[in-house]
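Dumped data_29.pdb below, it's PDB, C-alpha atoms:
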ATOM      1  CA  LYS A   1     111.992  95.784  93.566
ATOM      2  CA  GLY A   2     111.485  97.329  90.124
ATOM      3  CA  LEU A   3     111.814 100.904  88.977
ATOM      4  CA  LYS A   4     111.282 103.648  91.522
ATOM      5  CA  VAL A   5     110.293 107.253  90.894
ATOM      6  CA  SER A   6     113.863 108.188  91.865
ATOM      7  CA  ASP A   7     115.162 106.180  88.875
ATOM      8  CA  ILE A   8     113.322 108.249  86.239
ATOM      9  CA  PRO A   9     114.781 111.756  85.647
ATOM     10  CA  TYR A  10     111.566 113.419  84.438
ATOM     11  CA  MET A  11     109.659 112.012  87.414
ATOM     12  CA  VAL A  12     112.297 113.302  89.824
ATOM     13  CA  ALA A  13     112.130 116.746  88.167
ATOM     14  CA  GLN A  14     108.332 116.870  88.592
ATOM     15  CA  TRP A  15     108.083 115.351  92.079
ATOM     16  CA  ASP A  16     106.461 117.956  94.357
ATOM     17  CA  GLU A  17     108.790 118.008  97.373
ATOM     18  CA  THR A  18     106.538 120.334  99.371
ATOM     19  CA  LYS A  19     103.298 118.320  99.105
ATOM     20  CA  ASN A  20     104.474 114.704  99.114
ATOM     21  CA  THR A  21     104.875 112.890 102.405
ATOM     22  CA  LEU A  22     106.403 109.798 100.769
ATOM     23  CA  GLU A  23     110.008 109.567  99.610
ATOM     24  CA  LYS A  24     110.425 109.152  95.834
ATOM     25  CA  GLU A  25     112.988 106.402  96.525
ATOM     26  CA  ASP A  26     110.197 104.343  98.124
ATOM     27  CA  VAL A  27     107.561 104.752  95.406
ATOM     28  CA  SER A  28     107.308 102.299  92.503
ATOM     29  CA  VAL A  29     106.583 103.646  89.023
ATOM     30  CA  ASN A  30     104.085 100.779  88.692
ATOM     31  CA  ASP A  31     102.000 101.963  91.651
ATOM     32  CA  SER A  32      98.528 102.740  90.327
ATOM     33  CA  GLU A  33      96.753 103.223  93.661
ATOM     34  CA  THR A  34      98.850 105.756  95.577
ATOM     35  CA  TYR A  35      98.246 109.345  94.554
ATOM     36  CA  VAL A  36     101.240 111.659  94.808
ATOM     37  CA  TYR A  37     101.777 115.277  93.791
ATOM     38  CA  TRP A  38     103.613 116.509  90.725
ATOM     39  CA  LEU A  39     104.766 120.033  89.936
ATOM     40  CA  CYS A  40     105.560 121.236  86.412
ATOM     41  CA  PRO A  41     108.913 123.065  86.377
ATOM     42  CA  ASN A  42     107.808 125.046  83.292
ATOM     43  CA  CYS A  43     104.388 126.439  84.216
ATOM     44  CA  GLY A  44     104.107 125.696  87.946
ATOM     45  CA  TYR A  45     100.942 123.596  87.618
ATOM     46  CA  SER A  46     100.506 121.135  90.504
ATOM     47  CA  TRP A  47      98.351 118.013  90.315
ATOM     48  CA  SER A  48      97.916 114.611  91.912
ATOM     49  CA  THR A  49      98.020 111.314  90.039
ATOM     50  CA  PRO A  50      99.471 107.832  90.605
ATOM     51  CA  PRO A  51     103.098 107.212  89.553
ATOM     52  CA  LYS A  52     101.990 104.650  86.947
ATOM     53  CA  THR A  53      99.922 107.324  85.160
ATOM     54  CA  ARG A  54     102.861 109.769  85.297
ATOM     55  CA  TYR A  55     105.258 107.140  83.935
ATOM     56  CA  ARG A  56     102.946 106.367  81.003
ATOM     57  CA  SER A  57     102.616 110.067  80.160
ATOM     58  CA  SER A  58     106.385 110.317  79.557
ATOM     59  CA  GLY A  59     106.536 113.427  81.733
ATOM     60  CA  LYS A  60     103.989 115.563  79.913
ATOM     61  CA  CYS A  61     102.325 118.237  82.020
ATOM     62  CA  PRO A  62      98.530 118.183  81.561
ATOM     63  CA  CYS A  63      98.529 121.977  81.392
ATOM     64  CA  CYS A  64     101.465 122.505  79.018
ATOM     65  CA  ASP A  65     100.591 119.504  76.843
ATOM     66  CA  THR A  66      96.997 120.479  76.159
ATOM     67  CA  GLY A  67      97.386 124.235  76.415
ATOM     68  CA  LYS A  68      94.383 124.325  78.688
ATOM     69  CA  VAL A  69      93.167 123.264  82.089
ATOM     70  CA  ILE A  70      89.583 122.953  83.200
ATOM     71  CA  ALA A  71      88.329 126.452  84.005
ATOM     72  CA  GLN A  72      87.069 125.287  87.384
ATOM     73  CA  GLU A  73      90.602 124.239  88.368
ATOM     74  CA  LEU A  74      91.971 127.584  87.241
ATOM     75  CA  ALA A  75      89.442 129.339  89.430
ATOM     76  CA  LEU A  76      90.410 127.233  92.452
ATOM     77  CA  TYR A  77      94.176 127.596  92.160
ATOM     78  CA  ASP A  78      96.500 130.507  91.624
ATOM     79  CA  HIS A  79      97.864 129.209  88.323
ATOM     80  CA  PRO A  80     100.369 131.083  86.110
ATOM     81  CA  PHE A  81      98.368 130.217  82.982
ATOM     82  CA  PHE A  82      95.297 131.937  84.417
ATOM     83  CA  SER A  83      97.172 135.178  84.994
ATOM     84  CA  ARG A  84      98.247 135.287  81.318
ATOM     85  CA  ILE A  85      94.773 135.083  79.850
ATOM     86  CA  SER A  86      91.436 136.710  80.341
ATOM     87  CA  MET A  87      88.585 134.228  80.731
ATOM     88  CA  ASN A  88      84.960 134.600  81.630
ATOM     89  CA  VAL A  89      84.247 131.651  83.927
TER      90      VAL A  89
END
Representation of the structure as structure tokens:
Amino acid sequence: KGLKVSDIPYMVAQWDETKNTLEKEDVSVNDSETYVYWLCPNCGYSWSTPPKTRYRSSGKCPCCDTGKVIAQELALYDHPFFSRISMNV
């Protein structure tokens, strides 16, 4: 048993419904081996990490929290942050 992703409001809010094939009701927050997708409702950044890592982060988005994302990732994805700044990559 234990806590599931569906039990934690910030995890539910960031669960990427379009990319995940698993149901959040079936995924334990202590799972450190299964990678699932998360989507920030504020900036639209999408990333993959195990639920245990997400749970420990207390819902912080790696983009919003640090104010930056690796330039290589920005070049690979159409990210809202990238469109707001001018960077020479």
- Task: Take atom CA of A:Tyr10 and atom CA of A:Cys61 and report the distance between them in Å, one decimal.
- Result: 10.7 Å
- Residues near stretch 19-27 of chain A, cut-off 12 Å, only C-alpha atoms, skip fewer than 3 positions along chain, as an MDAnalysis selection string: chainID A and resid 1:9 11:16 30:39 46:52 55
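Of note, atom CA of A:Pro62 and atom CA of A:Cys40 are spaced 9.1 Å apart.
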- What separation in Å, quoted to one decimal, exists between atom CA of A:Thr53 and atom CA of A:Val29?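 Computed distance, atom CA of A:Thr53 to atom CA of A:Val29, equals 8.5 Å.
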